[in-house]
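Structure data follow from my_file_29.txt (compact mmCIF, C-alpha atoms and all ligand atoms):
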# COMPACT_ATOMS: atom_id res chain seq x y z
CA MET A 6 200.31 134.56 59.28
CA ASN A 7 199.28 132.27 62.13
CA LYS A 8 198.07 135.23 64.17
CA ILE A 9 195.75 134.50 67.06
CA VAL A 10 192.59 136.53 66.44
CA MET A 11 190.54 135.05 69.28
CA LYS A 12 191.38 133.24 72.51
CA LYS A 13 188.87 131.71 74.87
CA VAL A 14 189.10 129.54 77.99
CA LEU A 15 186.55 126.73 77.62
CA SER A 16 187.15 124.97 80.91
CA GLU A 17 190.02 124.55 83.31
CA GLY A 18 193.14 124.02 81.21
CA VAL A 19 191.22 123.89 77.92
CA LYS A 20 191.85 126.77 75.52
CA GLU A 21 190.33 127.68 72.19
CA PHE A 22 192.26 129.67 69.61
CA GLU A 23 191.06 131.08 66.32
CA ILE A 24 194.10 131.48 64.10
CA GLU A 25 194.56 133.35 60.84
CA SER A 26 195.33 130.67 58.27
CA PRO A 27 193.34 131.29 55.07
CA GLN A 28 194.91 128.50 53.00
CA ILE A 29 194.21 125.80 55.58
CA ALA A 30 190.72 127.22 56.28
CA LYS A 31 189.93 126.84 52.58
CA SER A 32 191.44 123.42 51.95
CA ARG A 33 190.76 121.48 55.15
CA HIS A 34 188.19 118.71 55.49
CA ALA A 35 186.60 117.13 58.55
CA GLY A 36 188.96 114.80 60.37
CA GLN A 37 192.16 116.60 59.43
CA PHE A 38 194.74 118.15 61.72
CA VAL A 39 197.65 120.58 61.73
CA ILE A 40 201.10 120.42 63.27
CA VAL A 41 201.88 123.54 65.26
CA ARG A 42 205.14 124.95 66.55
CA ALA A 43 204.80 127.79 69.06
CA ASN A 44 208.28 129.29 68.66
CA GLU A 45 211.82 128.46 67.45
CA LYS A 46 212.48 126.30 70.50
CA GLY A 47 209.05 124.68 70.47
CA GLU A 48 208.39 121.06 69.54
CA ARG A 49 205.90 120.21 66.81
CA ILE A 50 202.54 119.04 68.14
CA PRO A 51 199.50 117.77 66.25
CA LEU A 52 196.11 119.42 66.88
CA THR A 53 192.81 118.71 65.17
CA ILE A 54 191.18 121.46 63.14
CA ALA A 55 188.07 121.78 65.31
CA ASP A 56 186.40 124.26 62.94
CA ALA A 57 187.20 126.72 60.15
CA ASN A 58 185.78 129.95 58.78
CA VAL A 59 186.57 130.38 55.10
CA GLU A 60 185.29 133.99 54.92
CA LYS A 61 187.41 135.09 57.86
CA GLY A 62 190.29 132.84 56.77
CA THR A 63 190.62 131.32 60.23
CA ILE A 64 190.88 127.86 61.77
CA THR A 65 189.90 126.87 65.30
CA LEU A 66 192.16 124.81 67.55
CA ILE A 67 190.98 123.56 70.93
CA PHE A 68 193.45 121.91 73.23
CA GLN A 69 194.01 120.75 76.75
CA GLU A 70 197.13 121.91 78.57
CA VAL A 71 198.75 118.62 79.50
CA GLY A 72 202.48 119.36 79.24
CA LYS A 73 205.15 121.81 78.23
CA SER A 74 204.11 122.58 74.65
CA THR A 75 200.39 122.91 75.28
CA MET A 76 201.07 125.08 78.36
CA LEU A 77 203.38 127.31 76.33
CA MET A 78 200.80 127.63 73.56
CA GLY A 79 198.09 128.29 76.13
CA SER A 80 200.09 131.27 77.41
CA PHE A 81 199.87 133.01 74.02
CA ASN A 82 197.37 135.85 73.71
CA GLU A 83 195.29 137.50 71.00
CA GLY A 84 197.64 139.31 68.62
CA ASP A 85 200.50 136.82 69.17
CA SER A 86 201.41 134.38 66.40
CA PHE A 87 202.50 130.77 66.37
CA LEU A 88 205.74 130.20 64.49
CA ASP A 89 204.25 127.67 62.10
CA VAL A 90 201.02 125.86 61.46
CA VAL A 91 201.42 123.08 58.90
CA GLY A 92 198.49 121.34 57.25
CA PRO A 93 195.91 120.20 56.60
CA LEU A 94 197.34 116.74 57.39
CA GLY A 95 195.78 113.30 57.55
CA LYS A 96 192.99 111.70 55.59
CA PRO A 97 189.61 113.43 55.68
CA THR A 98 186.69 111.66 57.34
CA HIS A 99 184.89 109.28 55.00
CA THR A 100 181.47 110.91 54.71
CA GLU A 101 178.42 109.46 53.04
CA ASN A 102 174.81 108.96 54.03
CA PHE A 103 175.02 105.95 56.36
CA GLY A 104 171.63 106.59 58.00
CA THR A 105 171.74 107.09 61.75
CA VAL A 106 175.17 107.94 63.12
CA VAL A 107 176.10 108.20 66.79
CA CYS A 108 179.01 110.59 67.42
CA MET A 109 180.56 110.12 70.83
CA GLY A 110 183.08 112.55 72.32
CA GLY A 111 184.81 112.19 75.67
CA GLY A 112 186.65 115.07 77.37
CA ILE A 113 188.86 116.98 74.93
CA GLY A 114 187.74 114.41 72.28
CA VAL A 115 184.60 116.49 71.80
CA ALA A 116 186.71 119.01 69.84
CA PRO A 117 187.90 116.58 67.12
CA MET A 118 184.42 115.03 67.07
CA HIS A 119 182.80 118.38 66.18
CA PRO A 120 183.83 118.73 62.50
CA ILE A 121 183.02 115.05 61.91
CA ALA A 122 179.49 115.47 63.27
CA GLN A 123 179.10 118.59 61.11
CA ALA A 124 180.22 116.75 57.97
CA LEU A 125 178.05 113.70 58.63
CA LYS A 126 175.01 115.91 59.24
CA GLN A 127 175.79 117.77 56.02
CA ALA A 128 175.92 114.43 54.18
CA GLY A 129 172.33 113.72 55.18
CA ASN A 130 172.79 111.45 58.20
CA ARG A 131 170.67 111.64 61.32
CA VAL A 132 173.34 112.54 63.86
CA ILE A 133 172.94 111.61 67.51
CA ALA A 134 175.68 113.19 69.61
CA ILE A 135 176.76 111.87 72.98
CA ILE A 136 179.26 114.07 74.78
CA GLY A 137 180.77 113.43 78.17
CA ALA A 138 183.28 114.71 80.67
CA ARG A 139 184.44 113.93 84.17
CA SER A 140 182.26 116.74 85.54
CA LYS A 141 180.02 119.61 84.40
CA GLU A 142 182.87 122.18 84.53
CA LEU A 143 184.95 120.11 82.10
CA LEU A 144 182.25 119.68 79.47
CA ILE A 145 183.03 121.66 76.30
CA MET A 146 181.29 122.81 73.12
CA GLU A 147 177.75 121.92 74.21
CA ASP A 148 176.12 124.60 72.01
CA ARG A 149 178.19 123.80 68.93
CA ILE A 150 177.64 120.06 69.22
CA LYS A 151 173.92 120.71 69.59
CA ALA A 152 174.01 122.67 66.33
CA ALA A 153 176.01 119.93 64.60
CA SER A 154 173.55 117.15 65.55
CA HIS A 155 169.86 116.29 65.50
CA GLU A 156 169.80 114.95 69.03
CA MET A 157 172.29 115.41 71.86
CA HIS A 158 172.88 113.51 75.07
CA ILE A 159 175.27 114.44 77.86
CA SER A 160 176.92 112.35 80.53
CA THR A 161 179.30 113.15 83.38
CA ASP A 162 181.33 110.65 85.39
CA ASP A 163 180.31 112.29 88.67
CA GLY A 164 176.67 112.96 87.76
CA SER A 165 177.03 116.75 88.07
CA PHE A 166 175.29 117.19 84.69
CA GLY A 167 173.26 114.99 82.37
CA VAL A 168 173.34 111.22 82.77
CA HIS A 169 175.48 109.98 85.68
CA GLY A 170 177.93 107.65 83.94
CA PHE A 171 179.95 107.25 80.79
CA VAL A 172 179.08 108.01 77.17
CA THR A 173 178.96 104.23 76.63
CA ASP A 174 176.16 104.00 79.21
CA VAL A 175 174.15 106.47 77.13
CA LEU A 176 174.81 104.49 73.95
CA GLN A 177 173.77 101.27 75.71
CA SER A 178 170.46 102.83 76.76
CA LEU A 179 169.80 104.10 73.22
CA ILE A 180 170.42 100.59 71.88
CA ASP A 181 168.19 99.12 74.61
CA LYS A 182 165.43 101.51 73.55
CA GLY A 183 165.64 100.06 70.03
CA GLU A 184 167.62 102.79 68.29
CA LYS A 185 169.09 101.35 65.09
CA VAL A 186 172.60 102.73 64.72
CA ASP A 187 174.33 102.42 61.33
CA LEU A 188 177.67 103.91 62.32
CA CYS A 189 179.38 105.02 65.48
CA VAL A 190 182.21 107.56 65.74
CA ALA A 191 184.06 107.54 69.07
CA ILE A 192 186.77 110.04 69.98
CA GLY A 193 188.36 110.58 73.36
CA PRO A 194 190.86 109.02 75.75
CA VAL A 195 191.94 105.50 74.78
CA PRO A 196 189.94 103.77 77.56
CA MET A 197 186.79 105.54 76.31
CA MET A 198 187.40 104.54 72.68
CA ASN A 199 188.27 101.00 73.72
CA ALA A 200 185.07 100.66 75.80
CA SER A 201 182.99 102.14 72.98
CA CYS A 202 184.40 99.62 70.50
CA LYS A 203 183.79 96.69 72.85
CA LEU A 204 180.15 97.74 73.16
CA THR A 205 179.50 98.39 69.46
CA LYS A 206 181.20 95.14 68.49
CA GLN A 207 178.55 93.21 70.45
CA TYR A 208 175.90 94.79 68.25
CA ASP A 209 177.89 94.73 65.00
CA ILE A 210 177.83 98.52 64.71
CA PRO A 211 180.70 99.70 62.48
CA THR A 212 182.82 102.09 64.56
CA VAL A 213 185.34 104.73 63.60
CA VAL A 214 187.90 106.03 66.08
CA SER A 215 190.39 108.89 65.71
CA LEU A 216 193.78 107.96 67.15
CA ASN A 217 196.22 110.28 68.86
CA PRO A 218 199.64 108.64 69.09
CA ILE A 219 202.81 110.68 69.50
CA MET A 220 203.70 112.37 66.20
CA VAL A 221 206.89 114.07 65.14
CA ASP A 222 207.05 114.88 61.42
CA GLY A 223 203.43 114.20 60.49
CA THR A 224 204.41 113.08 57.00
CA GLY A 225 204.89 109.34 57.33
CA MET A 226 208.69 109.49 57.49
CA CYS A 227 209.67 109.15 61.15
CA GLY A 228 207.51 106.21 62.27
CA ALA A 229 206.64 107.77 65.63
CA CYS A 230 202.89 107.41 65.10
CA ARG A 231 203.01 103.69 64.23
CA VAL A 232 199.93 101.71 65.31
CA THR A 233 198.64 98.23 64.58
CA VAL A 234 195.24 97.98 62.93
CA GLY A 235 193.87 94.62 61.83
CA GLY A 236 197.32 93.10 62.38
CA LYS A 237 198.94 95.56 59.98
CA THR A 238 201.30 98.43 60.75
CA ARG A 239 199.81 101.80 59.91
CA PHE A 240 201.04 105.36 60.32
CA VAL A 241 198.34 107.49 61.86
CA CYS A 242 199.57 110.75 60.30
CA VAL A 243 199.16 109.57 56.72
CA ASP A 244 196.91 106.47 56.91
CA GLY A 245 194.63 108.01 59.59
CA PRO A 246 193.86 109.49 62.02
CA GLU A 247 190.58 107.58 61.60
CA PHE A 248 190.49 103.79 61.64
CA ASN A 249 188.09 100.90 62.12
CA GLY A 250 187.94 100.83 65.92
CA HIS A 251 187.21 97.10 66.03
CA GLU A 252 190.65 96.41 64.56
CA VAL A 253 192.84 98.78 66.60
CA ASP A 254 195.41 97.40 69.04
CA PHE A 255 194.62 99.79 71.91
CA VAL A 256 197.03 98.08 74.33
CA GLU A 257 199.98 98.86 72.06
CA LEU A 258 198.71 102.41 71.47
CA VAL A 259 198.67 103.19 75.20
CA LYS A 260 202.13 101.69 75.65
CA ARG A 261 203.57 103.85 72.88
CA GLN A 262 201.76 107.00 74.09
CA ARG A 263 203.43 106.55 77.48
CA ALA A 264 206.93 105.87 76.16
CA TYR A 265 208.31 109.30 77.07
CA LEU A 266 206.46 110.05 80.33
CA PRO A 267 209.64 110.73 82.40
CA GLN A 268 211.03 113.14 79.77
CA GLU A 269 207.63 114.84 79.43
CA ARG A 270 207.36 115.29 83.18
CA GLU A 271 210.85 116.76 83.34
CA ALA A 272 210.14 119.19 80.48
CA ARG A 273 206.88 120.27 82.11
CA GLU A 274 208.48 120.82 85.52
CA GLN A 275 211.34 122.76 84.03
CA TYR A 276 208.92 124.91 82.02
CA GLN A 277 206.77 125.63 85.07
CA HIS A 278 209.88 126.44 87.11
CA GLU A 279 211.29 128.79 84.46
CA CYS A 280 208.02 130.59 83.83
CA GLY A 281 206.64 130.80 87.33
CA HIS A 282 203.39 132.60 86.85
CA HIS A 283 204.68 134.88 84.10
CA ASN A 284 203.66 134.46 80.51
CA HIS A 285 206.68 135.02 78.36
CA HIS A 286 207.57 133.05 75.31
P1 LIG B 1 203.67 116.30 76.91
O1 LIG B 1 203.95 116.40 78.35
O2 LIG B 1 204.81 116.33 75.95
O3 LIG B 1 202.84 114.98 76.64
C1 LIG B 1 201.63 114.62 77.30
C2 LIG B 1 201.04 113.42 76.57
O4 LIG B 1 200.62 113.87 75.27
C3 LIG B 1 202.06 112.32 76.28
O5 LIG B 1 202.12 111.37 77.32
C4 LIG B 1 201.62 111.76 74.97
O6 LIG B 1 200.65 110.76 75.15
C5 LIG B 1 201.00 112.94 74.27
N1 LIG B 1 201.98 113.58 73.36
C6 LIG B 1 203.19 114.10 73.68
N2 LIG B 1 203.84 114.55 72.61
C7 LIG B 1 203.04 114.33 71.55
C8 LIG B 1 203.16 114.55 70.17
N3 LIG B 1 204.24 115.10 69.63
N4 LIG B 1 202.15 114.16 69.37
C9 LIG B 1 201.03 113.60 69.90
N5 LIG B 1 200.86 113.35 71.21
C10 LIG B 1 201.84 113.70 72.03
N6 LIG B 1 195.08 117.42 71.85
C11 LIG B 1 194.18 118.38 72.11
O7 LIG B 1 194.11 118.87 73.26
N7 LIG B 1 193.30 118.84 71.15
C12 LIG B 1 193.31 118.33 69.89
O8 LIG B 1 192.53 118.78 69.03
C13 LIG B 1 194.26 117.29 69.58
N8 LIG B 1 194.29 116.74 68.36
C14 LIG B 1 195.21 115.77 68.08
C15 LIG B 1 195.20 115.21 66.81
C16 LIG B 1 196.09 114.22 66.47
C17 LIG B 1 196.09 113.65 65.08
C18 LIG B 1 197.02 113.76 67.45
C19 LIG B 1 197.99 112.69 67.09
C20 LIG B 1 197.02 114.31 68.72
C21 LIG B 1 196.12 115.30 69.07
N9 LIG B 1 196.10 115.89 70.34
C22 LIG B 1 195.15 116.86 70.61
C23 LIG B 1 197.06 115.52 71.39
C24 LIG B 1 198.17 116.61 71.51
O9 LIG B 1 198.98 116.59 70.36
C25 LIG B 1 199.05 116.34 72.77
O10 LIG B 1 198.25 116.53 73.92
C26 LIG B 1 200.24 117.28 72.84
O11 LIG B 1 201.19 116.95 71.83
C27 LIG B 1 200.91 117.21 74.19
O12 LIG B 1 202.08 118.03 74.18
P2 LIG B 1 202.73 118.59 75.49
O13 LIG B 1 204.15 118.93 75.23
O14 LIG B 1 201.89 119.70 76.04
O15 LIG B 1 202.60 117.43 76.55
FE1 LIG B 2 206.18 110.51 61.72
FE2 LIG B 2 203.62 109.75 61.44
S1 LIG B 2 204.43 111.32 62.67
S2 LIG B 2 205.40 108.85 60.59
MG MG B 3 205.73 117.60 74.72

As structure tokens, the full file:
Amino acid sequence: MNKIVMKKVLSEGVKEFEIESPQIAKSRHAGQFVIVRANEKGERIPLTIADANVEKGTITLIFQEVGKSTMLMGSFNEGDSFLDVVGPLGKPTHTENFGTVVCMGGGIGVAPMHPIAQALKQAGNRVIAIIGARSKELLIMEDRIKAASHEMHISTDDGSFGVHGFVTDVLQSLIDKGEKVDLCVAIGPVPMMNASCKLTKQYDIPTVVSLNPIMVDGTGMCGACRVTVGGKTRFVCVDGPEFNGHEVDFVELVKRQRAYLPQEREAREQYQHECGHHNHH
């Protein structure tokens, strides 16, 4: 159980794992996530199910190494197993035929955007994908997003590939060209989702975002993932992770995401000190 059958490095610090998990592979829907614990001492961290293969009984997780737990998990190799993988958690993406849907993914946000684009394409929508990264080297999943969409645009902040600018610049130019967009899905860092929502609001384009607050239990009990949406308190792990982006309090979300920065830095430094360049877990 939870054995790593494939490991790939997608870009610097971004790893892809295919994990044996037949039950989750069978029951998961687009938009859902798992909570993973690497080993007995490991904390529980939420990761989106980026893809699944029912025949092989595997799920795909793609994550960026940003701190202790993701670095520890990134050091695992094919044949190793994670201690536990719990899920599928969260509400599935609401899929119906909306018409033309723009799916925007920024940075690591392209991974959670992938199954949503797949499901919306499957439901009969015309899917326009816009994926972006800081630079060409950091862009992930280009081929798979191309397969999950009818049309794909790419942007990089530094202009090293595709349009020089942000994914919102690409959306603006599509709108300027007269593209009628029925729904927008935006997933990525909070500033990217916030900017996307500001733009789509001007044109009354309904917009779905997938939020990534700190989670602990993932079952609605601990309150760690509390966010405010439309003036109401919601728990992302059970009420989300997808919400109407025009109603999300992004300022509060960022504040809560940063609540443990000193502790996270200390844990990361201690981990890096203990491990040096060895991979033992
Ligand atoms: P830390 O140093 O502990 O933290 C770095 C930053 O990550 C923190 O400042 C905080 O903003 C965030 N974070 C820390 N702990 C948690 C936690 N328990 N839960 C959520 N965020 C936390 N990342 C990916 O790379 N790929 C994914 O597919 C993905 N899917 C996610 C789906 C959901 C529903 C959520 C809520 C988060 C998702 N994340 C994903 C974010 C991922 O969980 C965090 O990057 C990870 O927990 C960081 O752990 P760390 O110990 O390595 O870093
Ligand atoms: Fe505890 Fe959502 S993670 S309530
Ligand atoms: Mg951590």

Produce as a VMD selection string the set of residues near ligand MG 3 (chain B), where near means within 7 Å with all atoms listed in the file considered.
-> chain A and resid 48 72 to 74 269

If you count all atoms listed in the file, which residues end up within 6 Å of ligand LIG 2 (chain B), as a list in words?
-> Met220, Val221, Asp222, Gly223, Thr224, Gly225, Met226, Cys227, Gly228, Ala229, Cys230, Phe240, Val241 and Cys242 of chain A

Could you please extract the residues within 7 Å of ligand LIG 1 (chain B), counting all atoms listed in the file, and hand them back as a PyMOL selection string?
-> chain A and resi 38+49-55+66-76+113+116-117+216-221+242+246+262-263+265-266+269-270+273

Between CA of Pro93 (chain A) and CA of Gly62 (chain A), what is the spacing in Å?
->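 About the pair CA of Gly62 (chain A) and CA of Pro93 (chain A): they are 13.8 Å apart.
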
All residues 8 Å or closer to Pro211 (chain A), all atoms listed in the file, same chain fewer than 4 positions away omitted, as a PDB file with C-alpha atoms, in the frame of the given file:
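The file below, part-v6.pdb, is the result:
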ATOM      1  CA  ASP A 187     174.330 102.420  61.330  1.00  0.00           C
ATOM      2  CA  LEU A 188     177.670 103.910  62.320  1.00  0.00           C
ATOM      3  CA  CYS A 189     179.380 105.020  65.480  1.00  0.00           C
ATOM      4  CA  THR A 205     179.500  98.390  69.460  1.00  0.00           C
ATOM      5  CA  LYS A 206     181.200  95.140  68.490  1.00  0.00           C
ATOM      6  CA  ASN A 249     188.090 100.900  62.120  1.00  0.00           C
ATOM      7  CA  HIS A 251     187.210  97.100  66.030  1.00  0.00           C
TER       8      HIS A 251
END

Enumerate, as a list in words, the protein, DNA and RNA residues whose atoms approach (188.2, 113.8, 73.1) to within 10 Å, taking into account all atoms listed in the file and the coordinate frame of the file.
->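 Residues found, by chain and rising number: Phe68, Gln69, Met109, Gly110, Gly111, Gly112, Ile113, Gly114, Val115, Ala116, Pro117, Met118, His119, Ile136, Gly137, Ala138, Ile145, Ala191, Ile192, Gly193, Pro194, Val195, Met197, Met198, Ser215 and Asn217 of chain A.
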
Which of these, A:Ser32, A:Thr100, A:Ser80, A:Gln123, has the shortest distance to Thr63 (chain A) once you count all atoms listed in the file?
-> A:Ser32

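Minimum atom-to-atom distance to Val59 (chain A), evaluated using only C-alpha atoms, belongs to A:Ala30 out of A:Ala30, A:Val175, A:Leu258, A:Val213.
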
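Checking A:Met157, A:Ile180, A:Val232, A:Ala134 one by one against Tyr208 (chain A), counting all atoms listed in the file, you find the shortest gap at A:Ile180.
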
Using all atoms listed in the file, which of A:Asn130, A:Asn44, A:Ser154, A:Asn7 sits nearest Ser26 (chain A)?
->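 Of all the options, A:Asn7 lies closest to Ser26 (chain A).
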
In Å, how far is it from CA of Lys141 (chain A) to CA of Thr161 (chain A)?
-> 6.6 Å

Can you work out the spacing between CA of Leu144 (chain A) and CA of Lys61 (chain A) in Å, to one decimal?
-> 27.0 Å

Quick one: of A:Ile210, A:Val259, A:Ala124, A:Val90, who's nearest to Thr233 (chain A), counting all atoms listed in the file?
->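 So, comparing all the options, the nearest one is A:Val259.
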
Counting all atoms listed in the file, find the residues whose atoms lie at most 12 Å from (211.8, 130.5, 66.5) (file coordinates) and write them out as a PyMOL selection string.
-> chain A and resi 42-49+86-89+286

For region 136-146 of chain A, I'd like the enclosing box, axis-aligned and padded by 6 Å on every side, reported as AutoDock Vina command-line options with centre and edge lengths in Å to one decimal.
--center_x 182.1 --center_y 118.1 --center_z 79.3 --size_x 17.7 --size_y 21.4 --size_z 24.4
